[in-house]
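Participant: model-v8.cif (mmCIF, C-alpha atoms) pasted underneath:
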```
data_input
loop_
_atom_site.label_atom_id
_atom_site.label_comp_id
_atom_site.auth_asym_id
_atom_site.auth_seq_id
_atom_site.Cartn_x
_atom_site.Cartn_y
_atom_site.Cartn_z
CA MET O 1 -23.86 -2.31 21.45
CA ALA O 2 -25.76 -1.01 18.46
CA GLU O 3 -27.72 -3.49 16.37
CA GLU O 4 -26.46 -4.53 12.94
CA GLY O 5 -26.85 -1.63 10.51
CA ALA O 6 -27.32 1.01 13.19
CA VAL O 7 -24.80 3.80 13.55
CA GLN O 8 -22.88 3.46 16.80
CA VAL O 9 -22.80 6.67 18.85
CA CYS O 10 -20.75 7.31 21.97
CA VAL O 11 -19.81 10.36 24.02
CA ARG O 12 -16.45 11.24 25.49
CA LEU O 13 -16.15 13.78 28.28
CA ARG O 14 -12.79 15.48 28.47
CA PRO O 15 -11.29 16.80 31.73
CA PRO O 16 -11.65 20.54 32.44
CA SER O 17 -8.88 22.58 30.87
CA SER O 18 -6.69 24.99 32.81
CA ARG O 19 -8.71 27.86 31.33
CA GLU O 20 -11.96 26.32 32.57
CA LYS O 21 -10.53 25.60 36.01
CA ALA O 22 -9.36 29.17 36.50
CA PRO O 23 -11.78 31.11 38.75
CA GLN O 24 -13.44 34.08 37.09
CA GLY O 25 -11.99 32.89 33.79
CA HIS O 26 -13.44 33.13 30.32
CA GLY O 27 -16.91 31.78 29.67
CA GLU O 28 -18.54 30.01 32.58
CA GLY O 29 -15.38 29.53 34.58
CA SER O 30 -15.05 26.41 36.66
CA VAL O 31 -18.78 25.61 36.85
CA VAL O 32 -19.45 21.97 35.90
CA HIS O 33 -22.86 21.25 34.36
CA TRP O 34 -22.72 17.58 33.41
CA LYS O 35 -22.14 14.21 35.06
CA THR O 36 -21.64 10.86 33.38
CA ASP O 37 -22.31 7.17 33.83
CA ASN O 38 -21.32 4.25 31.55
CA GLN O 39 -24.23 4.85 29.17
CA THR O 40 -25.86 8.05 30.38
CA ILE O 41 -24.96 11.70 30.68
CA SER O 42 -27.15 14.15 32.50
CA GLN O 43 -27.24 17.59 34.05
CA ILE O 44 -25.99 17.82 37.58
CA ASN O 45 -29.15 19.66 38.62
CA GLY O 46 -31.27 16.71 37.43
CA GLY O 47 -32.48 18.34 34.20
CA LYS O 48 -31.85 16.78 30.81
CA SER O 49 -30.50 13.25 30.47
CA PHE O 50 -29.25 11.30 27.44
CA ILE O 51 -28.53 7.60 26.80
CA PHE O 52 -25.92 6.35 24.32
CA ASP O 53 -24.13 3.15 23.39
CA ARG O 54 -21.25 4.19 25.61
CA VAL O 55 -20.27 7.27 27.64
CA PHE O 56 -16.59 7.64 28.52
CA HIS O 57 -15.58 9.48 31.69
CA ALA O 58 -12.91 12.15 31.82
CA ASN O 59 -10.36 9.76 33.33
CA GLU O 60 -10.77 7.02 30.67
CA THR O 61 -8.00 6.81 28.11
CA THR O 62 -8.13 6.81 24.32
CA GLU O 63 -6.96 3.20 24.44
CA THR O 64 -10.13 2.31 26.36
CA VAL O 65 -12.24 4.16 23.80
CA TYR O 66 -10.59 2.26 20.96
CA GLY O 67 -10.86 -1.14 22.60
CA GLU O 68 -14.57 -0.82 23.40
CA VAL O 69 -16.06 0.87 20.34
CA ALA O 70 -13.54 1.15 17.47
CA HIS O 71 -11.71 -2.18 17.49
CA SER O 72 -14.56 -4.20 15.94
CA ILE O 73 -14.95 -1.75 13.03
CA VAL O 74 -11.25 -1.90 12.17
CA CYS O 75 -11.22 -5.71 12.32
CA SER O 76 -14.22 -5.90 9.98
CA ILE O 77 -12.25 -3.99 7.34
CA THR O 78 -10.22 -7.14 6.62
CA GLU O 79 -13.51 -8.98 6.05
CA GLY O 80 -14.58 -6.57 3.30
CA TYR O 81 -16.82 -4.15 5.26
CA ASN O 82 -16.45 -0.38 4.86
CA GLY O 83 -15.92 1.51 8.10
CA THR O 84 -15.97 5.15 9.22
CA ILE O 85 -14.92 6.65 12.55
CA PHE O 86 -15.23 10.36 13.17
CA ALA O 87 -15.16 12.75 16.10
CA TYR O 88 -17.73 15.53 16.39
CA GLY O 89 -17.98 18.39 18.89
CA GLN O 90 -17.43 22.02 19.62
CA THR O 91 -14.03 23.63 19.27
CA SER O 92 -11.46 22.66 21.95
CA SER O 93 -13.54 19.67 23.11
CA GLY O 94 -10.86 17.07 22.37
CA LYS O 95 -11.67 15.81 18.84
CA THR O 96 -8.15 16.05 17.42
CA TYR O 97 -6.71 14.66 20.65
CA THR O 98 -9.04 11.67 20.33
CA MET O 99 -8.20 11.03 16.68
CA MET O 100 -4.52 12.03 16.52
CA GLY O 101 -3.35 11.83 20.14
CA ASN O 102 0.02 13.23 21.18
CA ALA O 103 3.55 12.07 21.97
CA ASN O 104 2.45 10.47 25.26
CA ALA O 105 -0.90 9.01 24.21
CA PRO O 106 -1.55 7.76 20.66
CA GLY O 107 -4.88 8.55 19.05
CA LEU O 108 -7.45 6.37 17.33
CA ILE O 109 -5.77 6.70 13.92
CA CYS O 110 -2.48 5.34 15.22
CA MET O 111 -4.21 2.51 17.10
CA ALA O 112 -6.38 1.59 14.13
CA ILE O 113 -3.40 1.27 11.78
CA CYS O 114 -1.44 -0.77 14.30
CA ASN O 115 -4.42 -3.06 14.93
CA LEU O 116 -5.02 -3.45 11.19
CA PHE O 117 -1.51 -4.77 10.56
CA ASN O 118 -1.77 -7.12 13.56
CA VAL O 119 -4.97 -8.58 12.13
CA ILE O 120 -3.31 -9.03 8.73
CA LYS O 121 -0.43 -10.94 10.33
CA ASP O 122 -2.96 -13.41 11.75
CA LEU O 123 -4.36 -14.19 8.28
CA PRO O 124 -1.50 -15.98 6.48
CA ASN O 125 -3.83 -17.53 3.90
CA ARG O 126 -4.89 -14.15 2.55
CA GLU O 127 -2.83 -11.61 0.64
CA PHE O 128 -3.40 -7.88 1.18
CA LEU O 129 -2.79 -4.62 -0.64
CA LEU O 130 -3.08 -1.34 1.29
CA ARG O 131 -3.37 2.18 -0.10
CA VAL O 132 -3.68 5.39 1.89
CA SER O 133 -4.84 8.92 1.07
CA TYR O 134 -5.21 12.06 3.16
CA MET O 135 -7.53 14.89 2.15
CA GLU O 136 -8.53 18.19 3.71
CA ILE O 137 -11.71 20.23 3.37
CA TYR O 138 -10.76 23.83 4.01
CA ASN O 139 -13.25 26.63 3.30
CA GLU O 140 -15.32 24.13 1.26
CA SER O 141 -12.33 23.34 -0.96
CA VAL O 142 -10.90 19.82 -1.12
CA SER O 143 -7.11 19.46 -1.30
CA ASP O 144 -4.55 16.66 -1.09
CA LEU O 145 -2.43 16.69 2.08
CA LEU O 146 0.07 14.23 0.55
CA SER O 147 0.88 16.39 -2.45
CA ASP O 148 4.40 17.84 -2.66
CA SER O 149 3.49 20.48 -5.24
CA LYS O 150 1.27 23.49 -4.72
CA ARG O 151 -2.07 22.16 -3.61
CA ARG O 152 -4.95 22.89 -5.92
CA PRO O 153 -8.69 22.31 -5.37
CA LEU O 154 -9.83 18.78 -6.22
CA GLU O 155 -13.21 17.85 -7.66
CA VAL O 156 -15.65 15.44 -6.03
CA ARG O 157 -17.13 13.14 -8.68
CA GLU O 158 -19.41 10.15 -9.08
CA ASP O 159 -18.61 7.18 -11.32
CA MET O 160 -20.90 4.98 -13.41
CA GLU O 161 -21.65 2.78 -10.37
CA ARG O 162 -22.63 5.85 -8.30
CA ILE O 163 -19.54 5.63 -6.13
CA ILE O 164 -18.28 8.99 -4.86
CA TYR O 165 -14.57 9.70 -5.25
CA VAL O 166 -12.15 12.64 -5.26
CA ALA O 167 -10.46 13.06 -8.64
CA ASP O 168 -6.64 13.14 -8.78
CA LEU O 169 -6.27 12.28 -5.10
CA ILE O 170 -2.91 10.65 -4.40
CA GLU O 171 -3.06 7.09 -3.09
CA GLU O 172 0.18 5.75 -1.65
CA VAL O 173 0.83 2.02 -1.32
CA ALA O 174 1.91 0.99 2.18
CA VAL O 175 3.29 -2.34 3.37
CA THR O 176 4.19 -1.57 6.99
CA TYR O 177 2.86 0.39 9.94
CA GLU O 178 5.79 2.80 9.60
CA ASP O 179 4.85 3.50 5.97
CA VAL O 180 1.34 4.55 6.95
CA MET O 181 2.42 6.72 9.86
CA LYS O 182 4.93 8.46 7.61
CA TRP O 183 2.04 9.63 5.40
CA VAL O 184 -0.03 10.61 8.45
CA LYS O 185 2.77 12.86 9.72
CA LYS O 186 3.28 14.38 6.28
CA GLY O 187 -0.42 15.21 6.03
CA GLU O 188 -0.49 16.76 9.48
CA LYS O 189 2.32 19.12 8.52
CA ASN O 190 0.24 20.37 5.59
CA ARG O 191 -3.03 20.74 7.49
CA HIS O 192 -4.47 24.16 8.40
CA TYR O 193 -4.22 25.03 12.09
CA GLY O 194 -4.77 28.36 13.80
CA GLU O 195 -4.91 30.01 17.21
CA THR O 196 -8.13 31.25 18.78
CA LYS O 197 -9.16 32.32 22.25
CA MET O 198 -10.66 28.87 22.79
CA ASN O 199 -7.70 26.85 21.57
CA GLU O 200 -4.03 27.55 20.94
CA ARG O 201 -3.91 24.97 18.12
CA SER O 202 -7.36 24.87 16.60
CA SER O 203 -8.14 22.72 13.55
CA ARG O 204 -9.37 25.01 10.79
CA SER O 205 -10.42 22.24 8.42
CA HIS O 206 -11.99 18.80 8.25
CA THR O 207 -9.62 15.95 7.38
CA ILE O 208 -10.29 12.43 6.13
CA PHE O 209 -7.53 9.85 6.36
CA ARG O 210 -8.58 6.91 4.19
CA VAL O 211 -7.15 3.39 4.09
CA ILE O 212 -8.20 1.16 1.19
CA VAL O 213 -7.73 -2.52 2.01
CA GLU O 214 -7.86 -5.12 -0.75
CA SER O 215 -7.57 -8.78 0.19
CA ARG O 216 -7.86 -12.13 -1.53
CA ASP O 217 -7.86 -15.72 -0.40
CA LYS O 218 -5.01 -17.54 -2.12
CA ASN O 219 -7.48 -20.17 -3.37
CA ASN O 220 -10.18 -17.73 -4.51
CA GLU O 221 -10.26 -15.21 -7.34
CA ALA O 222 -12.72 -12.83 -5.63
CA VAL O 223 -11.11 -9.72 -4.12
CA LYS O 224 -12.60 -7.97 -1.09
CA VAL O 225 -12.23 -4.18 -1.16
CA ALA O 226 -12.99 -2.08 1.93
CA HIS O 227 -12.53 1.60 2.84
CA LEU O 228 -11.67 2.81 6.33
CA ASN O 229 -12.35 6.53 6.82
CA LEU O 230 -10.81 8.17 9.89
CA VAL O 231 -12.32 11.65 10.11
CA ASP O 232 -11.23 14.55 12.29
CA LEU O 233 -13.86 17.28 12.06
CA ALA O 234 -13.19 20.91 12.85
CA GLY O 235 -15.27 22.10 15.81
CA SER O 236 -18.31 24.30 15.71
CA GLU O 237 -17.59 27.69 17.24
CA ARG O 238 -19.03 31.05 18.09
CA ALA O 239 -17.17 34.13 16.95
CA SER O 240 -17.97 35.86 20.23
CA GLN O 241 -16.14 33.12 22.14
CA THR O 242 -13.22 32.52 19.80
CA GLY O 243 -12.62 36.19 18.99
CA ALA O 244 -12.31 35.24 15.31
CA GLU O 245 -11.73 38.02 12.79
CA GLY O 246 -10.76 38.18 9.15
CA VAL O 247 -9.44 34.83 7.93
CA ARG O 248 -10.36 33.05 11.17
CA LEU O 249 -13.92 34.35 10.90
CA LYS O 250 -14.23 33.08 7.33
CA GLU O 251 -12.89 29.70 8.39
CA GLY O 252 -15.36 29.51 11.26
CA CYS O 253 -18.28 30.34 8.99
CA ASN O 254 -17.38 27.56 6.54
CA ILE O 255 -16.84 25.09 9.37
CA ASN O 256 -20.23 25.88 10.93
CA ARG O 257 -21.96 25.68 7.56
CA SER O 258 -20.59 22.23 6.71
CA LEU O 259 -21.43 20.94 10.21
CA PHE O 260 -24.95 22.33 9.86
CA VAL O 261 -25.39 20.41 6.59
CA LEU O 262 -24.04 17.28 8.28
CA GLY O 263 -26.65 17.68 11.02
CA GLN O 264 -29.41 18.17 8.41
CA VAL O 265 -28.36 15.05 6.50
CA ILE O 266 -28.28 12.94 9.66
CA LYS O 267 -31.68 14.27 10.73
CA ARG O 268 -33.26 13.31 7.41
CA LEU O 269 -31.65 9.86 7.54
CA SER O 270 -32.82 9.39 11.14
CA ASP O 271 -36.36 10.24 10.07
CA GLY O 272 -36.28 7.33 7.61
CA GLN O 273 -35.95 9.41 4.45
CA ALA O 274 -32.87 7.66 3.07
CA GLY O 275 -34.81 5.75 0.43
CA ASN O 276 -38.04 7.72 0.24
CA GLY O 277 -37.02 11.37 0.38
CA PHE O 278 -34.40 13.82 -0.79
CA VAL O 279 -31.19 13.95 1.24
CA ASN O 280 -29.07 17.02 0.62
CA TYR O 281 -25.62 15.37 0.44
CA ARG O 282 -24.48 17.79 -2.26
CA ASP O 283 -24.89 20.85 -0.05
CA SER O 284 -21.45 20.22 1.49
CA LYS O 285 -18.21 18.63 0.32
CA LEU O 286 -18.00 16.81 3.66
CA THR O 287 -21.36 15.03 3.37
CA ARG O 288 -20.80 14.37 -0.33
CA ILE O 289 -17.50 12.57 0.28
CA LEU O 290 -18.90 10.69 3.30
CA GLN O 291 -22.19 9.85 1.58
CA ASN O 292 -21.52 6.11 1.70
CA SER O 293 -20.91 6.34 5.46
CA LEU O 294 -24.14 8.23 6.13
CA GLY O 295 -27.04 5.89 5.50
CA GLY O 296 -25.05 3.79 3.03
CA ASN O 297 -22.76 0.76 2.85
CA ALA O 298 -20.56 1.21 5.90
CA ARG O 299 -20.25 0.57 9.60
CA THR O 300 -20.12 4.01 11.19
CA LEU O 301 -18.96 5.13 14.62
CA ILE O 302 -19.55 8.71 15.82
CA ILE O 303 -17.60 9.88 18.86
CA CYS O 304 -19.03 13.10 20.26
CA THR O 305 -16.58 14.99 22.45
CA ILE O 306 -17.84 17.40 25.09
CA THR O 307 -16.56 19.54 27.92
CA PRO O 308 -18.22 19.56 31.34
CA ALA O 309 -17.87 23.31 31.78
CA ALA O 310 -19.97 24.36 28.76
CA PHE O 311 -23.74 24.03 28.82
CA GLU O 312 -25.23 25.26 25.52
CA GLU O 313 -22.47 23.87 23.27
CA THR O 314 -22.50 20.51 25.07
CA LEU O 315 -26.29 20.36 24.87
CA SER O 316 -26.15 21.00 21.11
CA THR O 317 -23.60 18.20 20.69
CA LEU O 318 -25.70 15.78 22.74
CA GLN O 319 -28.80 16.57 20.70
CA PHE O 320 -26.83 15.88 17.52
CA ALA O 321 -25.67 12.56 18.97
CA SER O 322 -29.20 11.62 20.03
CA THR O 323 -30.45 12.17 16.48
CA ALA O 324 -27.59 10.17 14.95
CA LYS O 325 -28.55 7.10 17.04
CA PHE O 326 -31.56 6.51 14.81
CA MET O 327 -29.65 6.57 11.54
CA LYS O 328 -29.43 3.20 9.77
CA ASN O 329 -26.75 1.98 7.40
CA THR O 330 -26.71 -1.09 5.16
CA PRO O 331 -23.20 -2.57 5.50
CA HIS O 332 -22.29 -5.59 3.40
CA VAL O 333 -19.15 -7.35 2.19
CA ASN O 334 -17.67 -5.74 -0.92
CA GLU O 335 -16.32 -8.26 -3.42
CA VAL O 336 -14.86 -7.53 -6.85
CA LEU O 337 -14.56 -10.25 -9.50
CA ASP O 338 -13.19 -8.21 -12.40
CA ASP O 339 -9.93 -6.26 -12.77
CA GLN O 340 -11.20 -3.16 -10.94
CA ALA O 341 -9.37 -4.23 -7.80
CA MET O 342 -5.74 -3.13 -7.81
CA LEU O 343 -4.75 -6.34 -6.03
CA LYS O 344 -6.22 -8.41 -8.86
CA ARG O 345 -4.41 -6.32 -11.46
CA CYS O 346 -1.13 -6.66 -9.57
CA ARG O 347 -1.58 -10.42 -9.22
CA LYS O 348 -2.34 -10.74 -12.95
CA GLU O 349 0.74 -8.68 -13.84
CA ILE O 350 2.90 -10.79 -11.53
CA THR O 351 1.60 -13.97 -13.22
CA ASP O 352 2.30 -12.55 -16.68
CA LEU O 353 5.82 -11.54 -15.66
CA ASN O 354 6.50 -14.99 -14.18
CA ASN O 355 5.29 -16.63 -17.39
CA HIS O 356 7.57 -14.37 -19.39
CA LEU O 357 10.51 -15.25 -17.15
CA GLU O 358 9.78 -18.95 -17.68
CA GLU O 359 9.74 -18.42 -21.43
CA LEU O 360 13.06 -16.62 -21.27
CA ALA O 361 14.50 -19.38 -19.09
CA SER O 362 13.24 -21.98 -21.59
CA GLU O 363 14.87 -20.11 -24.48
CA THR O 364 18.08 -19.87 -22.47
CA ARG O 365 18.03 -23.62 -21.86
CA VAL O 366 17.56 -24.22 -25.59
CA HIS O 367 20.52 -21.98 -26.35
CA GLU O 368 22.58 -23.77 -23.74
CA LEU O 369 21.70 -27.17 -25.25
CA GLU O 370 22.54 -25.92 -28.72
CA LYS O 371 25.82 -24.53 -27.42
CA ALA O 372 26.65 -27.81 -25.66
CA GLN O 373 25.85 -29.74 -28.81
CA PHE O 374 28.05 -27.44 -30.85
CA LEU O 375 30.90 -27.79 -28.38
CA GLU O 376 30.54 -31.59 -28.47
CA GLU O 377 30.64 -31.60 -32.24
CA LYS O 378 33.66 -29.33 -32.16
CA ARG O 379 35.38 -31.65 -29.69
CA GLN O 380 34.68 -34.68 -31.88
CA ILE O 381 35.98 -32.95 -35.00
CA LYS O 382 39.06 -31.84 -33.13
CA GLN O 383 39.61 -35.36 -31.86
CA GLU O 384 39.19 -36.82 -35.34
CA HIS O 385 41.61 -34.30 -36.79
CA GLU O 386 44.19 -34.96 -34.11
CA GLU O 387 43.85 -38.69 -34.71
CA LYS O 388 44.32 -38.25 -38.43
CA ILE O 389 47.36 -36.02 -37.82
CA LYS O 390 48.77 -38.63 -35.51
CA ASN O 391 48.22 -41.41 -38.03
CA LEU O 392 49.69 -39.37 -40.85
CA THR O 393 52.67 -38.47 -38.69
CA LYS O 394 53.35 -42.15 -38.11
CA MET O 395 53.56 -42.64 -41.85
CA LEU O 396 56.55 -40.30 -42.21
CA VAL O 397 60.12 -41.60 -42.62
CA ARG O 398 62.48 -40.38 -40.01
CA VAL O 399 66.12 -40.70 -41.20
CA LEU O 400 68.60 -38.94 -38.99
CA PRO O 401 72.39 -38.75 -39.25
CA GLU O 402 74.18 -39.89 -36.17
CA GLY O 403 74.29 -37.23 -33.45
CA GLU O 404 72.13 -34.74 -35.37
CA PRO O 405 68.56 -34.04 -34.29
CA LEU O 406 65.82 -33.79 -36.89
CA SER O 407 64.91 -30.23 -37.83
CA THR O 408 61.15 -30.13 -38.18
CA LYS O 409 61.14 -26.76 -39.81
CA ALA O 410 63.67 -27.83 -42.42
CA ARG O 411 61.71 -30.96 -43.17
CA ARG O 412 58.57 -28.96 -43.76
CA LYS O 413 60.22 -26.72 -46.34
CA ARG O 414 61.90 -29.55 -48.21
CA ARG O 415 60.36 -30.76 -51.42
CA PHE O 416 59.87 -34.52 -51.23
CA THR O 417 60.07 -36.54 -54.49
CA TRP O 418 59.31 -40.23 -54.51
CA ALA O 419 61.79 -42.49 -56.40
CA PRO O 420 61.47 -45.98 -54.98
CA GLY O 421 63.99 -47.64 -57.33
CA LYS O 422 66.80 -45.18 -56.78
CA LEU O 423 66.09 -45.07 -53.03
CA ARG O 424 66.47 -48.84 -52.73
CA THR O 425 69.79 -48.75 -54.69
CA SER O 426 71.26 -45.99 -52.57
CA LEU O 427 70.21 -47.67 -49.38
CA ASN O 428 71.79 -50.96 -50.43
CA THR O 429 75.17 -49.30 -51.05
CA ALA O 430 75.15 -47.09 -47.94
CA THR O 431 77.01 -48.21 -44.86
CA ALA O 432 75.19 -48.87 -41.60
CA ASN O 433 77.02 -46.01 -39.88
CA ASP O 434 75.81 -43.29 -42.30
CA ALA O 435 72.14 -43.52 -41.36
CA LYS O 436 69.46 -45.54 -39.60
CA ILE O 437 66.80 -47.12 -41.72
CA ILE O 438 63.45 -47.38 -39.94
CA LYS O 439 61.07 -49.89 -41.42
CA LEU O 440 61.27 -48.60 -44.96
CA ASP O 441 59.80 -51.70 -46.51
CA GLN O 442 56.74 -51.37 -44.27
CA VAL O 443 56.37 -47.72 -45.12
CA PHE O 444 56.54 -48.39 -48.84
CA GLN O 445 53.97 -51.15 -48.49
CA GLU O 446 51.57 -48.84 -46.63
CA LEU O 447 52.10 -46.09 -49.20
CA ASP O 448 51.40 -48.49 -52.07
CA GLU O 449 48.18 -49.55 -50.38
#
```
The structure in this file should be written as structure tokens.

Facilitator:
Amino acid sequence: MAEEGAVQVCVRLRPPSSREKAPQGHGEGSVVHWKTDNQTISQINGGKSFIFDRVFHANETTETVYGEVAHSIVCSITEGYNGTIFAYGQTSSGKTYTMMGNANAPGLICMAICNLFNVIKDLPNREFLLRVSYMEIYNESVSDLLSDSKRRPLEVREDMERIIYVADLIEEVAVTYEDVMKWVKKGEKNRHYGETKMNERSSRSHTIFRVIVESRDKNNEAVKVAHLNLVDLAGSERASQTGAEGVRLKEGCNINRSLFVLGQVIKRLSDGQAGNGFVNYRDSKLTRILQNSLGGNARTLIICTITPAAFEETLSTLQFASTAKFMKNTPHVNEVLDDQAMLKRCRKEITDLNNHLEELASETRVHELEKAQFLEEKRQIKQEHEEKIKNLTKMLVRVLPEGEPLSTKARRKRRFTWAPGKLRTSLNTATANDAKIIKLDQVFQELDE
């Protein structure tokens, strides 16, 4: 394994293609020039030999590649370290297969996302916020692969803290593995592919799938922010081999130019000029965007893909990989204490909303208490009124002729005039059968009082 700060470099040898196996085919036919061991690759005739952190044989799967060299970088993302994984090599050497995979064998991007969510599930005391973006560098023009509208060139800028970013790049929030893969598939549909003599589905652009992971311990205000860059580079190519013309030729020229600048940047960084000399990051959009991953604050893994049937192209790739071994990065945990982290802003907004809801609930409780008090007062008043009505009703004289019920309505309309003397005289002379006298003396006494 590479020491802390060193860029990890490995080589993956792909099996010979059907074109390479065919006798008297294109190029060098079925001639095999290279043999591999776990950490070495050398010419079959005993010529040149190279040593790397790991060399993967043709029969080793992408899952093996991920488990041995990529897994640790992805896991460190949740700890706040930036990470970058990219595949480099000539056209048709297996870069896109390594990064994207196919229906039968998932690539490193798919495995990394799956592993990332598994790690998050094992950290219940931390809360996470994930955002994803997908950009393409085609003919030295940066565009957004997640955009639904007509894609326009995006500018690469630098903020006040000297952090490189792509302006107006869409960042989608994702909460599940399926969410992330949905954006990956959408970006792949928008990517530029083309057919050449070397490859039926050749990548004509560089792509960078970026996952921004923000995390915070539930008992700590500091937010860790890390970027995971998963880069699929277009392959270097020769026009004489690919048969490129017109648009394909222009694409190949821009691809070769950006890869040449990448090689120059890595060479300068490997020579120890990162802090003492000029490094030409700005000569290419690719190196400018990946500046933090090349000699900066990131853990970087370079997977160089080669084919055993090509000599010069494979030798060029191995020389690039040998140079990259000496490049040093300075990875460290990235913590944010202010509101720059989106997770912190979201948490603050959630707290504010909860406080507002509590205030509304408190006001509602006050209204409910006031309403209950009002209803109680209303009940008491009603009870008092009913009691008074009942008492007043008891004070009324009820005199009914025999066999005739009292008409309440008639009694209400009747004008009542008090004449105690005359009433006593008439009552004394009336017979007992004409009417019933109900406690008149008591009624008069109560009225007098």

Participant: CA of Asn254 (chain O) to CA of Val166 (chain O): how many Å, to one decimal?

Facilitator: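 CA of Val166 (chain O) lies at a distance of 19.7 Å from CA of Asn254 (chain O).
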
Participant: Between CA of Lys285 (chain O) and CA of Glu140 (chain O), measure the distance and give it in Å to one decimal.

Facilitator: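 Atom-to-atom, CA of Lys285 (chain O) to CA of Glu140 (chain O), that is 6.3 Å.
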
Participant: Report as an MDAnalysis selection string all protein, DNA and RNA residues lying within 6 Å of region 296-307 of chain O, evaluated on all atoms listed in the file, omitting residues in the same chain fewer than 2 positions from it.

Facilitator: chainID O and resid 7:14 82:89 93 292:294 309:310 314 329:331

Participant: How far is it from CA of Glu251 (chain O) to CA of Val211 (chain O), in Å with one decimal?

Facilitator: 27.3 Å

Participant: Between O:Arg248, O:Lys224, O:Arg210, O:Arg257, which has the minimum distance to Ser133 (chain O) (counting only C-alpha atoms)?

Facilitator: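 The shortest atom-to-atom distance to Ser133 (chain O) comes from O:Arg210.
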
Participant: Decode the PyMOL selection byres ((chain O and resi 217) around 10) for the given file into explicit residues and return them as a PyMOL selection string.

Facilitator: chain O and resi 123-128+215-216+218-224

Participant: Applying 12 Å and only C-alpha atoms, which residues near His192 (chain O) remain after dropping the ones on its own chain fewer than 6 positions away? List them as a PyMOL selection string.

Facilitator: chain O and resi 135-139+143+145+201-207+234+247-248+251

Participant: Neighbourhood query: residues within 8 Å of (-27.2, 9.1, 18.4), file coordinates, counting only C-alpha atoms; return as a PyMOL selection string.

Facilitator: chain O and resi 7-10+52+319-327

Participant: May I have the residues within 8 Å of Asn256 (chain O) as a PyMOL selection string, using all atoms listed in the file and disregarding those fewer than 4 positions away in the same chain?

Facilitator: chain O and resi 235-237+252+260

Participant: Out of O:Val32, O:Ala105, O:Leu315, O:Leu130, which residue has the shortest atom-to-atom distance to Ile77 (chain O) when counting only C-alpha atoms?

Facilitator: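 Using only C-alpha atoms, the shortest distance to Ile77 (chain O) belongs to O:Leu130.
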